[in-house]
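For reference, input37.pdb (PDB, C-alpha atoms):
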MODEL        1
ATOM      1  CA  MET W 116     -13.417  87.085  19.937
ATOM      2  CA  SER W 117     -11.074  85.239  22.185
ATOM      3  CA  ALA W 118      -9.457  88.318  23.676
ATOM      4  CA  GLU W 119     -12.848  89.996  23.907
ATOM      5  CA  ALA W 120     -14.320  86.981  25.695
ATOM      6  CA  THR W 121     -11.502  86.967  28.184
ATOM      7  CA  HIS W 122     -11.880  90.636  28.932
ATOM      8  CA  ASP W 123     -15.672  90.349  29.063
ATOM      9  CA  HIS W 124     -15.372  88.037  31.996
ATOM     10  CA  GLY W 125     -12.610  89.809  33.700
ATOM     11  CA  HIS W 126     -10.099  87.063  34.176
ATOM     12  CA  ASP W 127      -7.275  89.442  33.665
ATOM     13  CA  HIS W 128      -8.261  92.007  36.209
ATOM     14  CA  GLY W 129     -10.805  90.425  38.419
ATOM     15  CA  ALA W 130     -14.132  91.914  37.395
ATOM     16  CA  GLY W 131     -15.458  88.472  36.460
ATOM     17  CA  GLY W 132     -15.523  87.137  39.967
ATOM     18  CA  GLY W 133     -16.890  90.287  41.475
ATOM     19  CA  HIS W 134     -13.685  90.525  43.439
ATOM     20  CA  HIS W 135     -10.103  91.584  42.889
ATOM     21  CA  GLU W 136      -8.445  88.462  41.573
ATOM     22  CA  HIS W 137      -4.751  88.166  42.080
ATOM     23  CA  ILE W 138      -2.992  85.939  39.596
ATOM     24  CA  HIS W 139      -0.596  83.651  41.425
ATOM     25  CA  PRO W 140       2.299  81.957  39.626
ATOM     26  CA  PRO W 141       1.968  78.184  39.034
ATOM     27  CA  SER W 142       4.649  77.526  41.671
ATOM     28  CA  HIS W 143       2.268  78.908  44.311
ATOM     29  CA  TYR W 144      -0.283  76.198  43.523
ATOM     30  CA  VAL W 145       2.362  73.478  43.320
ATOM     31  CA  LYS W 146       3.460  74.390  46.869
ATOM     32  CA  ILE W 147      -0.144  74.146  48.077
ATOM     33  CA  TRP W 148      -0.418  70.736  46.403
ATOM     34  CA  GLY W 149       2.796  69.682  48.181
ATOM     35  CA  VAL W 150       1.297  70.636  51.541
ATOM     36  CA  LEU W 151      -1.850  68.647  50.706
ATOM     37  CA  CYS W 152       0.271  65.597  49.836
ATOM     38  CA  VAL W 153       2.140  65.821  53.153
ATOM     39  CA  LEU W 154      -1.195  66.049  54.986
ATOM     40  CA  LEU W 155      -2.409  62.995  53.055
ATOM     41  CA  VAL W 156       0.614  61.001  54.217
ATOM     42  CA  VAL W 157      -0.030  62.081  57.830
ATOM     43  CA  SER W 158      -3.714  61.155  57.575
ATOM     44  CA  VAL W 159      -2.781  57.650  56.386
ATOM     45  CA  THR W 160       0.134  56.971  58.747
ATOM     46  CA  GLY W 161      -1.340  58.578  61.893
ATOM     47  CA  PRO W 162      -4.125  56.014  62.364
ATOM     48  CA  MET W 163      -1.561  53.204  61.978
ATOM     49  CA  LEU W 164      -0.447  53.974  65.544
ATOM     50  CA  GLY W 165      -3.769  52.554  66.722
ATOM     51  CA  ILE W 166      -4.377  55.337  69.257
ATOM     52  CA  LYS W 167      -7.967  56.538  69.023
ATOM     53  CA  ILE W 168      -7.314  60.228  69.664
ATOM     54  CA  ILE W 169      -4.433  60.266  67.172
ATOM     55  CA  THR W 170      -6.673  58.571  64.605
ATOM     56  CA  LEU W 171      -9.407  61.158  65.133
ATOM     57  CA  ILE W 172      -6.976  64.058  64.805
ATOM     58  CA  THR W 173      -4.928  62.747  61.894
ATOM     59  CA  ALA W 174      -7.773  61.239  59.871
ATOM     60  CA  PHE W 175     -10.704  63.551  60.505
ATOM     61  CA  GLY W 176      -8.997  66.696  61.817
ATOM     62  CA  ILE W 177      -6.640  66.754  58.864
ATOM     63  CA  ALA W 178      -9.557  66.163  56.474
ATOM     64  CA  PHE W 179     -10.969  69.497  57.631
ATOM     65  CA  VAL W 180      -7.565  71.162  57.218
ATOM     66  CA  LYS W 181      -7.195  69.747  53.702
ATOM     67  CA  ALA W 182     -10.726  70.871  52.844
ATOM     68  CA  GLY W 183      -9.958  74.366  54.157
ATOM     69  CA  ILE W 184      -6.827  74.573  52.021
ATOM     70  CA  VAL W 185      -8.677  73.465  48.867
ATOM     71  CA  ILE W 186     -11.514  75.934  49.569
ATOM     72  CA  LYS W 187      -9.171  78.859  50.246
ATOM     73  CA  TYR W 188      -6.365  78.356  47.750
ATOM     74  CA  PHE W 189      -7.962  76.378  44.895
ATOM     75  CA  MET W 190     -11.567  77.636  45.004
ATOM     76  CA  HIS W 191     -10.566  81.129  46.189
ATOM     77  CA  LEU W 192     -13.651  81.297  48.382
ATOM     78  CA  ASP W 193     -11.960  83.769  50.713
ATOM     79  CA  THR W 194     -12.155  86.443  48.017
ATOM     80  CA  GLU W 195     -15.729  85.690  46.934
ATOM     81  CA  LYS W 196     -18.636  88.021  47.602
ATOM     82  CA  PRO W 197     -20.562  87.444  50.866
ATOM     83  CA  ILE W 198     -23.628  86.154  49.014
ATOM     84  CA  ILE W 199     -21.711  82.973  48.164
ATOM     85  CA  TRP W 200     -20.799  82.473  51.816
ATOM     86  CA  TYR W 201     -24.412  83.028  52.886
ATOM     87  CA  ALA W 202     -25.684  80.443  50.398
ATOM     88  CA  LEU W 203     -23.077  77.839  51.338
ATOM     89  CA  ILE W 204     -23.443  78.348  55.085
ATOM     90  CA  THR W 205     -27.251  78.231  54.868
ATOM     91  CA  SER W 206     -27.006  74.924  53.034
ATOM     92  CA  VAL W 207     -24.647  73.425  55.620
ATOM     93  CA  VAL W 208     -26.701  74.682  58.568
ATOM     94  CA  PHE W 209     -29.976  73.261  57.230
ATOM     95  CA  MET W 210     -28.331  69.971  56.374
ATOM     96  CA  VAL W 211     -26.932  69.678  59.901
ATOM     97  CA  LEU W 212     -30.291  70.675  61.433
ATOM     98  CA  PHE W 213     -32.222  68.078  59.436
ATOM     99  CA  PHE W 214     -29.858  65.308  60.380
ATOM    100  CA  ALA W 215     -29.430  66.383  63.991
ATOM    101  CA  ALA W 216     -33.195  66.158  64.353
ATOM    102  CA  VAL W 217     -33.299  62.494  63.325
ATOM    103  CA  SER W 218     -29.971  61.457  64.811
ATOM    104  CA  PRO W 219     -31.418  60.104  68.107
ATOM    105  CA  ASP W 220     -33.634  57.694  66.144
ATOM    106  CA  VAL W 221     -30.701  56.413  64.144
ATOM    107  CA  MET W 222     -27.912  56.413  66.709
ATOM    108  CA  LYS W 223     -29.933  55.055  69.644
ATOM    109  CA  HIS W 224     -31.720  51.734  69.483
ATOM    110  CA  GLU W 225     -33.939  52.120  72.516
ATOM    111  CA  GLY W 226     -35.524  54.814  74.600
ATOM    112  CA  THR W 227     -38.031  55.253  77.404
ATOM    113  CA  ARG W 228     -40.981  53.815  75.527
ATOM    114  CA  TRP W 229     -39.497  52.408  72.376
ATOM    115  CA  GLU W 230     -37.074  49.828  71.119
ATOM    116  CA  ASN W 231     -35.683  49.336  67.622
ATOM    117  CA  VAL W 232     -35.687  45.540  67.540
ATOM    118  CA  ALA W 233     -34.401  45.276  63.989
ATOM    119  CA  ALA W 234     -31.403  47.517  64.624
ATOM    120  CA  LYS W 235     -30.478  45.698  67.834
ATOM    121  CA  ALA W 236     -30.724  42.349  66.056
ATOM    122  CA  GLU W 237     -28.515  43.654  63.253
ATOM    123  CA  VAL W 238     -25.871  44.850  65.717
ATOM    124  CA  ALA W 239     -25.923  41.509  67.557
ATOM    125  CA  ARG W 240     -25.726  39.525  64.320
ATOM    126  CA  GLY W 241     -22.893  41.659  62.968
ATOM    127  CA  LEU W 242     -20.817  41.515  66.134
ATOM    128  CA  ALA W 243     -21.312  37.732  66.365
ATOM    129  CA  ALA W 244     -20.212  37.246  62.770
ATOM    130  CA  GLY W 245     -17.107  39.314  63.489
ATOM    131  CA  ALA W 246     -14.700  40.406  60.861
ATOM    132  CA  GLU W 247     -14.440  36.936  59.368
ATOM    133  CA  HIS W 248     -16.696  37.553  56.413
ATOM    134  CA  GLY W 249     -16.896  41.301  56.522
ATOM    135  CA  GLY W 250     -20.637  41.003  56.874
ATOM    136  CA  GLY W 251     -20.707  38.909  53.742
ATOM    137  CA  GLU W 252     -23.556  36.710  54.878
ATOM    138  CA  HIS W 253     -26.760  37.399  53.033
ATOM    139  CA  GLU W 254     -29.404  36.824  55.685
ATOM    140  CA  PRO W 255     -32.240  39.256  55.255
ATOM    141  CA  ALA W 256     -32.523  41.697  58.140
ATOM    142  CA  PRO W 257     -35.689  41.387  60.229
ATOM    143  CA  ALA W 258     -38.420  43.823  59.358
ATOM    144  CA  ALA W 259     -38.216  47.153  61.131
ATOM    145  CA  GLU W 260     -40.265  47.012  64.279
ATOM    146  CA  VAL W 261     -40.754  49.625  66.908
ATOM    147  CA  HIS W 262     -42.405  48.931  70.235
TER     148      HIS W 262
ATOM    149  CA  MET C 113     -18.720  84.279  15.856
ATOM    150  CA  ALA C 114     -22.419  84.999  16.316
ATOM    151  CA  ALA C 115     -23.319  88.210  18.093
ATOM    152  CA  PHE C 116     -25.686  86.348  20.394
ATOM    153  CA  ARG C 117     -24.278  85.295  23.745
ATOM    154  CA  PRO C 118     -26.188  83.509  26.527
ATOM    155  CA  ILE C 119     -27.455  85.643  29.419
ATOM    156  CA  ALA C 120     -25.392  83.525  31.797
ATOM    157  CA  ASN C 121     -22.263  84.856  30.128
ATOM    158  CA  THR C 122     -23.272  88.475  29.844
ATOM    159  CA  ARG C 123     -25.361  89.412  32.870
ATOM    160  CA  SER C 124     -24.314  89.914  36.444
ATOM    161  CA  ALA C 125     -27.076  90.971  38.820
ATOM    162  CA  THR C 126     -25.089  90.200  41.971
ATOM    163  CA  GLY C 127     -21.669  91.384  40.907
ATOM    164  CA  ILE C 128     -20.784  87.782  40.178
ATOM    165  CA  PRO C 129     -21.133  86.548  36.578
ATOM    166  CA  THR C 130     -24.386  84.593  36.347
ATOM    167  CA  ALA C 131     -22.673  81.455  35.061
ATOM    168  CA  LYS C 132     -20.288  81.404  38.022
ATOM    169  CA  LEU C 133     -23.131  82.129  40.440
ATOM    170  CA  ALA C 134     -25.016  79.190  38.939
ATOM    171  CA  VAL C 135     -22.068  76.905  39.626
ATOM    172  CA  TRP C 136     -22.002  78.056  43.249
ATOM    173  CA  TRP C 137     -25.754  77.368  43.480
ATOM    174  CA  LEU C 138     -25.123  73.912  42.091
ATOM    175  CA  LEU C 139     -22.499  73.354  44.769
ATOM    176  CA  VAL C 140     -24.936  74.574  47.432
ATOM    177  CA  SER C 141     -27.341  71.813  46.360
ATOM    178  CA  GLU C 142     -24.487  69.321  46.205
ATOM    179  CA  ILE C 143     -23.658  70.074  49.838
ATOM    180  CA  VAL C 144     -27.099  68.794  50.779
ATOM    181  CA  ILE C 145     -26.741  65.702  48.595
ATOM    182  CA  PHE C 146     -23.273  64.637  49.746
ATOM    183  CA  GLY C 147     -23.640  66.124  53.219
ATOM    184  CA  GLY C 148     -26.825  64.122  53.636
ATOM    185  CA  VAL C 149     -25.187  60.872  52.589
ATOM    186  CA  LEU C 150     -22.139  61.504  54.785
ATOM    187  CA  ALA C 151     -24.240  62.566  57.784
ATOM    188  CA  SER C 152     -26.446  59.478  57.409
ATOM    189  CA  TYR C 153     -23.379  57.278  57.167
ATOM    190  CA  LEU C 154     -21.816  58.872  60.216
ATOM    191  CA  MET C 155     -24.970  58.458  62.304
ATOM    192  CA  HIS C 156     -25.364  54.822  61.319
ATOM    193  CA  ARG C 157     -21.680  54.145  61.867
ATOM    194  CA  LEU C 158     -21.888  55.530  65.399
ATOM    195  CA  GLY C 159     -25.051  53.524  66.066
ATOM    196  CA  HIS C 160     -23.708  50.290  64.621
ATOM    197  CA  PRO C 161     -20.421  49.187  66.226
ATOM    198  CA  GLU C 162     -20.455  46.053  64.069
ATOM    199  CA  TRP C 163     -19.735  48.176  60.981
ATOM    200  CA  ALA C 164     -16.111  48.391  62.116
ATOM    201  CA  ASN C 165     -15.889  44.680  61.265
ATOM    202  CA  TYR C 166     -17.082  45.370  57.741
ATOM    203  CA  ALA C 167     -14.893  48.444  57.226
ATOM    204  CA  VAL C 168     -11.674  46.443  57.665
ATOM    205  CA  HIS C 169     -12.261  45.064  54.187
ATOM    206  CA  THR C 170     -11.989  48.405  52.383
ATOM    207  CA  GLN C 171      -8.611  48.901  50.697
ATOM    208  CA  THR C 172      -6.826  51.851  52.281
ATOM    209  CA  ALA C 173      -3.959  51.815  49.756
ATOM    210  CA  ILE C 174      -6.341  52.273  46.820
ATOM    211  CA  GLY C 175      -8.305  54.922  48.702
ATOM    212  CA  ALA C 176      -5.103  56.841  49.491
ATOM    213  CA  THR C 177      -3.873  56.516  45.912
ATOM    214  CA  ASN C 178      -7.169  57.863  44.626
ATOM    215  CA  THR C 179      -6.908  60.754  47.105
ATOM    216  CA  LEU C 180      -3.494  61.590  45.641
ATOM    217  CA  VAL C 181      -4.927  61.348  42.125
ATOM    218  CA  LEU C 182      -7.785  63.731  42.947
ATOM    219  CA  LEU C 183      -5.525  66.202  44.788
ATOM    220  CA  SER C 184      -3.243  66.213  41.749
ATOM    221  CA  SER C 185      -6.169  66.697  39.386
ATOM    222  CA  SER C 186      -7.297  69.637  41.521
ATOM    223  CA  LEU C 187      -3.810  71.090  41.035
ATOM    224  CA  THR C 188      -4.075  70.796  37.249
ATOM    225  CA  ALA C 189      -7.612  72.263  37.394
ATOM    226  CA  VAL C 190      -6.405  75.338  39.287
ATOM    227  CA  LEU C 191      -3.407  75.627  36.937
ATOM    228  CA  ALA C 192      -5.892  75.620  34.042
ATOM    229  CA  HIS C 193      -7.718  78.465  35.777
ATOM    230  CA  GLN C 194      -4.437  80.298  36.242
ATOM    231  CA  ALA C 195      -3.646  79.889  32.536
ATOM    232  CA  ALA C 196      -7.135  81.154  31.646
ATOM    233  CA  GLN C 197      -6.577  84.179  33.887
ATOM    234  CA  THR C 198      -3.536  85.050  31.825
ATOM    235  CA  GLY C 199      -5.542  84.534  28.598
ATOM    236  CA  ASP C 200      -3.628  81.414  27.518
ATOM    237  CA  GLY C 201      -6.467  79.215  26.318
ATOM    238  CA  LYS C 202      -4.233  76.527  24.818
ATOM    239  CA  LYS C 203      -2.362  76.053  28.082
ATOM    240  CA  ALA C 204      -5.645  76.005  30.006
ATOM    241  CA  ALA C 205      -6.954  73.293  27.662
ATOM    242  CA  LYS C 206      -3.835  71.190  28.216
ATOM    243  CA  PHE C 207      -4.207  71.414  31.981
ATOM    244  CA  LEU C 208      -7.886  70.509  31.666
ATOM    245  CA  LEU C 209      -6.891  67.446  29.637
ATOM    246  CA  ALA C 210      -4.486  66.501  32.420
ATOM    247  CA  THR C 211      -7.389  66.848  34.864
ATOM    248  CA  ILE C 212      -9.517  64.582  32.677
ATOM    249  CA  ALA C 213      -6.658  62.067  32.692
ATOM    250  CA  GLY C 214      -6.728  62.216  36.502
ATOM    251  CA  ALA C 215     -10.464  61.541  36.428
ATOM    252  CA  CYS C 216      -9.928  58.506  34.202
ATOM    253  CA  LEU C 217      -7.158  57.196  36.456
ATOM    254  CA  PHE C 218      -9.405  57.635  39.495
ATOM    255  CA  LEU C 219     -12.179  55.655  37.786
ATOM    256  CA  CYS C 220      -9.759  52.888  36.773
ATOM    257  CA  PHE C 221      -8.621  52.449  40.382
ATOM    258  CA  LYS C 222     -12.254  52.575  41.492
ATOM    259  CA  ALA C 223     -13.275  49.894  38.994
ATOM    260  CA  TYR C 224     -10.378  47.650  40.050
ATOM    261  CA  GLU C 225     -11.270  48.147  43.710
ATOM    262  CA  TRP C 226     -14.977  47.434  43.264
ATOM    263  CA  HIS C 227     -14.257  44.418  41.081
ATOM    264  CA  GLY C 228     -12.230  42.844  43.881
ATOM    265  CA  GLU C 229     -14.804  43.662  46.538
ATOM    266  CA  ILE C 230     -17.714  42.326  44.511
ATOM    267  CA  GLU C 231     -15.761  39.146  43.819
ATOM    268  CA  GLU C 232     -15.316  38.728  47.580
ATOM    269  CA  GLY C 233     -19.080  38.955  48.008
ATOM    270  CA  PHE C 234     -19.316  42.510  49.300
ATOM    271  CA  VAL C 235     -22.198  43.937  47.314
ATOM    272  CA  PRO C 236     -24.573  46.847  48.044
ATOM    273  CA  TRP C 237     -27.235  44.567  49.564
ATOM    274  CA  THR C 238     -24.796  42.689  51.826
ATOM    275  CA  ASN C 239     -25.520  45.004  54.744
ATOM    276  CA  GLY C 240     -25.960  48.657  55.644
ATOM    277  CA  PHE C 241     -22.237  49.424  55.579
ATOM    278  CA  TRP C 242     -21.697  48.175  52.048
ATOM    279  CA  ALA C 243     -24.922  49.844  50.918
ATOM    280  CA  PHE C 244     -23.569  53.189  52.125
ATOM    281  CA  TYR C 245     -20.106  52.425  50.750
ATOM    282  CA  TYR C 246     -21.339  51.822  47.216
ATOM    283  CA  THR C 247     -23.927  54.616  47.350
ATOM    284  CA  ALA C 248     -21.528  57.320  48.567
ATOM    285  CA  ALA C 249     -18.611  56.270  46.373
ATOM    286  CA  GLY C 250     -20.964  55.614  43.452
ATOM    287  CA  ILE C 251     -22.579  59.055  43.559
ATOM    288  CA  HIS C 252     -19.104  60.540  43.846
ATOM    289  CA  ALA C 253     -17.799  58.505  40.893
ATOM    290  CA  SER C 254     -20.772  59.635  38.786
ATOM    291  CA  HIS C 255     -19.762  63.228  39.563
ATOM    292  CA  VAL C 256     -16.224  62.426  38.438
ATOM    293  CA  ILE C 257     -17.577  61.100  35.119
ATOM    294  CA  VAL C 258     -19.832  64.127  34.586
ATOM    295  CA  GLY C 259     -16.996  66.516  35.480
ATOM    296  CA  ALA C 260     -14.646  64.864  33.002
ATOM    297  CA  ILE C 261     -17.225  65.115  30.194
ATOM    298  CA  ILE C 262     -17.921  68.804  30.915
ATOM    299  CA  MET C 263     -14.191  69.522  31.079
ATOM    300  CA  ALA C 264     -13.740  67.995  27.627
ATOM    301  CA  PHE C 265     -16.219  70.508  26.167
ATOM    302  CA  VAL C 266     -14.678  73.405  28.098
ATOM    303  CA  ALA C 267     -11.171  72.369  27.011
ATOM    304  CA  LYS C 268     -12.265  72.299  23.360
ATOM    305  CA  ASP C 269     -13.528  75.888  23.565
ATOM    306  CA  ALA C 270     -10.602  77.040  25.689
ATOM    307  CA  TYR C 271      -8.149  75.678  23.116
ATOM    308  CA  ALA C 272      -9.832  77.918  20.557
ATOM    309  CA  GLY C 273      -9.644  80.822  22.995
ATOM    310  CA  ARG C 274     -13.405  80.923  23.599
ATOM    311  CA  ASP C 275     -15.253  81.325  26.909
ATOM    312  CA  LEU C 276     -12.222  81.116  29.143
ATOM    313  CA  HIS C 277     -14.355  81.991  32.179
ATOM    314  CA  ARG C 278     -15.786  78.464  31.965
ATOM    315  CA  VAL C 279     -12.382  77.084  32.939
ATOM    316  CA  GLU C 280     -12.779  78.592  36.406
ATOM    317  CA  ASN C 281     -16.418  77.464  36.630
ATOM    318  CA  VAL C 282     -15.698  73.829  35.829
ATOM    319  CA  GLY C 283     -12.689  74.059  38.156
ATOM    320  CA  LEU C 284     -14.951  75.070  41.045
ATOM    321  CA  TYR C 285     -17.070  71.980  40.410
ATOM    322  CA  TRP C 286     -13.969  69.800  40.245
ATOM    323  CA  HIS C 287     -12.534  71.116  43.510
ATOM    324  CA  PHE C 288     -15.866  70.320  45.158
ATOM    325  CA  VAL C 289     -15.633  66.730  43.875
ATOM    326  CA  ASP C 290     -12.154  66.641  45.421
ATOM    327  CA  LEU C 291     -13.531  68.048  48.695
ATOM    328  CA  VAL C 292     -16.162  65.324  48.935
ATOM    329  CA  TRP C 293     -13.498  62.658  48.501
ATOM    330  CA  ILE C 294     -11.337  64.297  51.178
ATOM    331  CA  PHE C 295     -14.145  63.475  53.645
ATOM    332  CA  LEU C 296     -15.141  60.135  52.127
ATOM    333  CA  PHE C 297     -11.589  58.824  52.390
ATOM    334  CA  PRO C 298     -11.263  58.847  56.215
ATOM    335  CA  LEU C 299     -14.891  57.788  56.696
ATOM    336  CA  LEU C 300     -14.730  54.743  54.408
ATOM    337  CA  TYR C 301     -11.054  53.773  54.450
ATOM    338  CA  ILE C 302      -9.362  55.030  57.620
ATOM    339  CA  ALA C 303     -12.012  54.506  60.306
ATOM    340  CA  LYS C 304     -11.557  50.748  60.751
TER     341      LYS C 304
ENDMDL
END
Let's see the structure in the file written out as structure tokens.
Amino acid sequence: MSAEATHDHGHDHGAGGGHHEHIHPPSHYVKIWGVLCVLLVVSVTGPMLGIKIITLITAFGIAFVKAGIVIKYFMHLDTEKPIIWYALITSVVFMVLFFAAVSPDVMKHEGTRWENVAAKAEVARGLAAGAEHGGGEHEPAPAAEVH
Amino acid sequence: MAAFRPIANTRSATGIPTAKLAVWWLLVSEIVIFGGVLASYLMHRLGHPEWANYAVHTQTAIGATNTLVLLSSSLTAVLAHQAAQTGDGKKAAKFLLATIAGACLFLCFKAYEWHGEIEEGFVPWTNGFWAFYYTAAGIHASHVIVGAIIMAFVAKDAYAGRDLHRVENVGLYWHFVDLVWIFLFPLLYIAK
């Protein structure tokens, strides 16, 4: 059964994934892991310089690079059928659309005819408290109010 | 071995085995779950400059260590897949056990980290930042737990040489868990 099961699902010659799977040696994956570890070190040490642009590139830029490497080399998405890409991309696009639509309400605290009093009060309270308690005070936030 | 086998293991309407397609569908829904949490966090973070004061209290060293743990567990997961490709179920099971060990190590670090933060008074209802911190990391940790449990079942079958295709399927899920952490790490630990 075991050999039959393996052949049924094509892990030896690629029919299982609907694509032509190439079996890499373990050393291939260990090298990829090594690259990921180096990128991790860069993403931790880069922001230590305290330069905003370097922080953005090393922390967030490298996160995208690391994600791309995991997707390509560990998940083998590059050899998947297009239907998988369509499903994943559709999901990402809709997620971004939904959140882009509400982002002005969340990221801005006032507009032409409205003001988010609760959010502004929270920002003022947090900045006044500073880093001393890490926001550890337990005052209840004022009720959401929009004028 | 019974003659009956689940449709998910035997049918392929798209050219992709149904079980594997189901895992990809799961990941599609997970993108919305984690993407939603991360997008919400990002929007609030940009709208609340005071959150930078709260973020200084997250422990970068533990976050980085856990990133290394998850990257390493992704390596063992893909090595399990590689072993399954060659038909070596026993080797695949051993690599899956190593991945489970990585999951346990991750959770131990997470428990230690949260214990310290809760003792300092940073709890989910402290403010919006800590609410997001515990929600995002908590949902992620629950996925780590679920992944480890599923891998234990897959490893048991793989050791007996059964259903080796599941090794790749659970690996896909695990790499996604790793991917989520790759983005959580800079958002929660690096952006101070």
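Take the candidates W:Gly245, W:Leu151, W:Met222, W:Ala233 and check each one against Phe189 (chain W) using all atoms listed in the file; the shortest distance goes to W:Leu151.
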Axis-aligned box for all listed atoms of region 273-289 of chain C, 6 Å per side, centre and edges in Å to one decimal, as JSON:
{"center_x": -13.4, "center_y": 74.4, "center_z": 34.1, "size_x": 19.4, "size_y": 27.3, "size_z": 34.2}
Return as JSON lines the residues of region 137-220 of chain W lying at most 9 Å from region 144-150 of chain C, together with the closest atom-to-atom pair for each and the distance in Å to one decimal, counting all atoms listed in the file, with rows in chain order and ascending residue number.
{"residue": "W:Ser206", "atom": "CA", "partner": "C:Val144", "partner_atom": "CA", "distance": 6.5}
{"residue": "W:Val207", "atom": "CA", "partner": "C:Val144", "partner_atom": "CA", "distance": 7.1}
{"residue": "W:Phe209", "atom": "CA", "partner": "C:Val144", "partner_atom": "CA", "distance": 8.4}
{"residue": "W:Met210", "atom": "CA", "partner": "C:Val144", "partner_atom": "CA", "distance": 5.8}
{"residue": "W:Val211", "atom": "CA", "partner": "C:Gly147", "partner_atom": "CA", "distance": 8.3}
{"residue": "W:Phe213", "atom": "CA", "partner": "C:Gly148", "partner_atom": "CA", "distance": 8.9}
{"residue": "W:Phe214", "atom": "CA", "partner": "C:Gly148", "partner_atom": "CA", "distance": 7.5}
Take the residues just selected and output them with C-alpha atoms as a CSV table (one decimal), in the frame of the given file.
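New file result32.csv:
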chain,number,residue,atom,x,y,z
W,206,SER,CA,-27.0,74.9,53.0
W,207,VAL,CA,-24.6,73.4,55.6
W,209,PHE,CA,-30.0,73.3,57.2
W,210,MET,CA,-28.3,70.0,56.4
W,211,VAL,CA,-26.9,69.7,59.9
W,213,PHE,CA,-32.2,68.1,59.4
W,214,PHE,CA,-29.9,65.3,60.4
### Message
Could you tell me, as JSON, numbers by chain, exactly which residues end up selected when the PyMOL selection byres ((chain C and resi 224-239) around 12) is applied to this structure?
### Response
{"W": [234, 237, 238, 240, 241, 247, 248, 249, 250, 251, 252, 253, 254, 255, 256], "C": [156, 160, 162, 163, 165, 166, 167, 168, 169, 170, 171, 172, 173, 174, 175, 177, 178, 217, 218, 219, 220, 221, 222, 223, 240, 241, 242, 243, 244, 245, 246, 247, 248, 249, 250, 253]}
### Expansion of the PyMOL selection byres ((chain C and resi 282) around 9) into residues, as an MDAnalysis selection string
chainID C and resid 135 189 259 262:263 266 278:281 283:287
### Task
Quick one: pull the distance between CA of Val153 (chain W) and CA of Thr170 (chain W), Å, one decimal.
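Those two atoms sit 16.2 Å apart.
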### Selected residue, from C:Asn121, C:Thr179, C:Gln197, C:Thr130, that lies nearest to chain W when counting only C-alpha atoms
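When distances to chain W are compared using only C-alpha atoms, the smallest one comes from C:Gln197.
One distance worth recording is that between CA of Gly149 (chain W) and CA of Ile294 (chain C), which is 15.4 Å.
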### Separation of CA of Leu299 (chain C) from CA of Met163 (chain W) in Å
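About the pair CA of Met163 (chain W) and CA of Leu299 (chain C): they are 15.1 Å apart.
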### Query
Could you name the residues that touch Leu171 (chain W) at 12 Å or less, counting only C-alpha atoms, but leaving out those on the same chain fewer than 3 positions away, as a list of chain:residue names?
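Here the qualifying residues turn out to be W:Val157, W:Ser158, W:Val159, W:Gly161, W:Pro162, W:Met163, W:Leu164, W:Gly165, W:Ile166, W:Lys167, W:Ile168, W:Ala174, W:Phe175, W:Gly176, W:Ile177, W:Ala178, W:Phe179, C:Pro298, C:Leu299, C:Ile302, C:Ala303, C:Lys304.
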Just write the chosen residues, C-alpha atoms, as a PDB file, in the coordinates of the input.
ATOM      1  CA  VAL W 157      -0.030  62.081  57.830  1.00  0.00           C
ATOM      2  CA  SER W 158      -3.714  61.155  57.575  1.00  0.00           C
ATOM      3  CA  VAL W 159      -2.781  57.650  56.386  1.00  0.00           C
ATOM      4  CA  GLY W 161      -1.340  58.578  61.893  1.00  0.00           C
ATOM      5  CA  PRO W 162      -4.125  56.014  62.364  1.00  0.00           C
ATOM      6  CA  MET W 163      -1.561  53.204  61.978  1.00  0.00           C
ATOM      7  CA  LEU W 164      -0.447  53.974  65.544  1.00  0.00           C
ATOM      8  CA  GLY W 165      -3.769  52.554  66.722  1.00  0.00           C
ATOM      9  CA  ILE W 166      -4.377  55.337  69.257  1.00  0.00           C
ATOM     10  CA  LYS W 167      -7.967  56.538  69.023  1.00  0.00           C
ATOM     11  CA  ILE W 168      -7.314  60.228  69.664  1.00  0.00           C
ATOM     12  CA  ALA W 174      -7.773  61.239  59.871  1.00  0.00           C
ATOM     13  CA  PHE W 175     -10.704  63.551  60.505  1.00  0.00           C
ATOM     14  CA  GLY W 176      -8.997  66.696  61.817  1.00  0.00           C
ATOM     15  CA  ILE W 177      -6.640  66.754  58.864  1.00  0.00           C
ATOM     16  CA  ALA W 178      -9.557  66.163  56.474  1.00  0.00           C
ATOM     17  CA  PHE W 179     -10.969  69.497  57.631  1.00  0.00           C
TER      18      PHE W 179
ATOM     19  CA  PRO C 298     -11.263  58.847  56.215  1.00  0.00           C
ATOM     20  CA  LEU C 299     -14.891  57.788  56.696  1.00  0.00           C
ATOM     21  CA  ILE C 302      -9.362  55.030  57.620  1.00  0.00           C
ATOM     22  CA  ALA C 303     -12.012  54.506  60.306  1.00  0.00           C
ATOM     23  CA  LYS C 304     -11.557  50.748  60.751  1.00  0.00           C
TER      24      LYS C 304
END
Starting from the shown file, work through the PyMOL selection byres ((chain C and resi 192) around 6) and note down what comes out as a PDB file with C-alpha atoms, in the coordinates of the input.
ATOM      1  CA  ALA C 189      -7.612  72.263  37.394  1.00  0.00           C
ATOM      2  CA  VAL C 190      -6.405  75.338  39.287  1.00  0.00           C
ATOM      3  CA  LEU C 191      -3.407  75.627  36.937  1.00  0.00           C
ATOM      4  CA  HIS C 193      -7.718  78.465  35.777  1.00  0.00           C
ATOM      5  CA  GLN C 194      -4.437  80.298  36.242  1.00  0.00           C
ATOM      6  CA  ALA C 195      -3.646  79.889  32.536  1.00  0.00           C
ATOM      7  CA  ALA C 204      -5.645  76.005  30.006  1.00  0.00           C
ATOM      8  CA  PHE C 207      -4.207  71.414  31.981  1.00  0.00           C
ATOM      9  CA  LEU C 208      -7.886  70.509  31.666  1.00  0.00           C
TER      10      LEU C 208
END
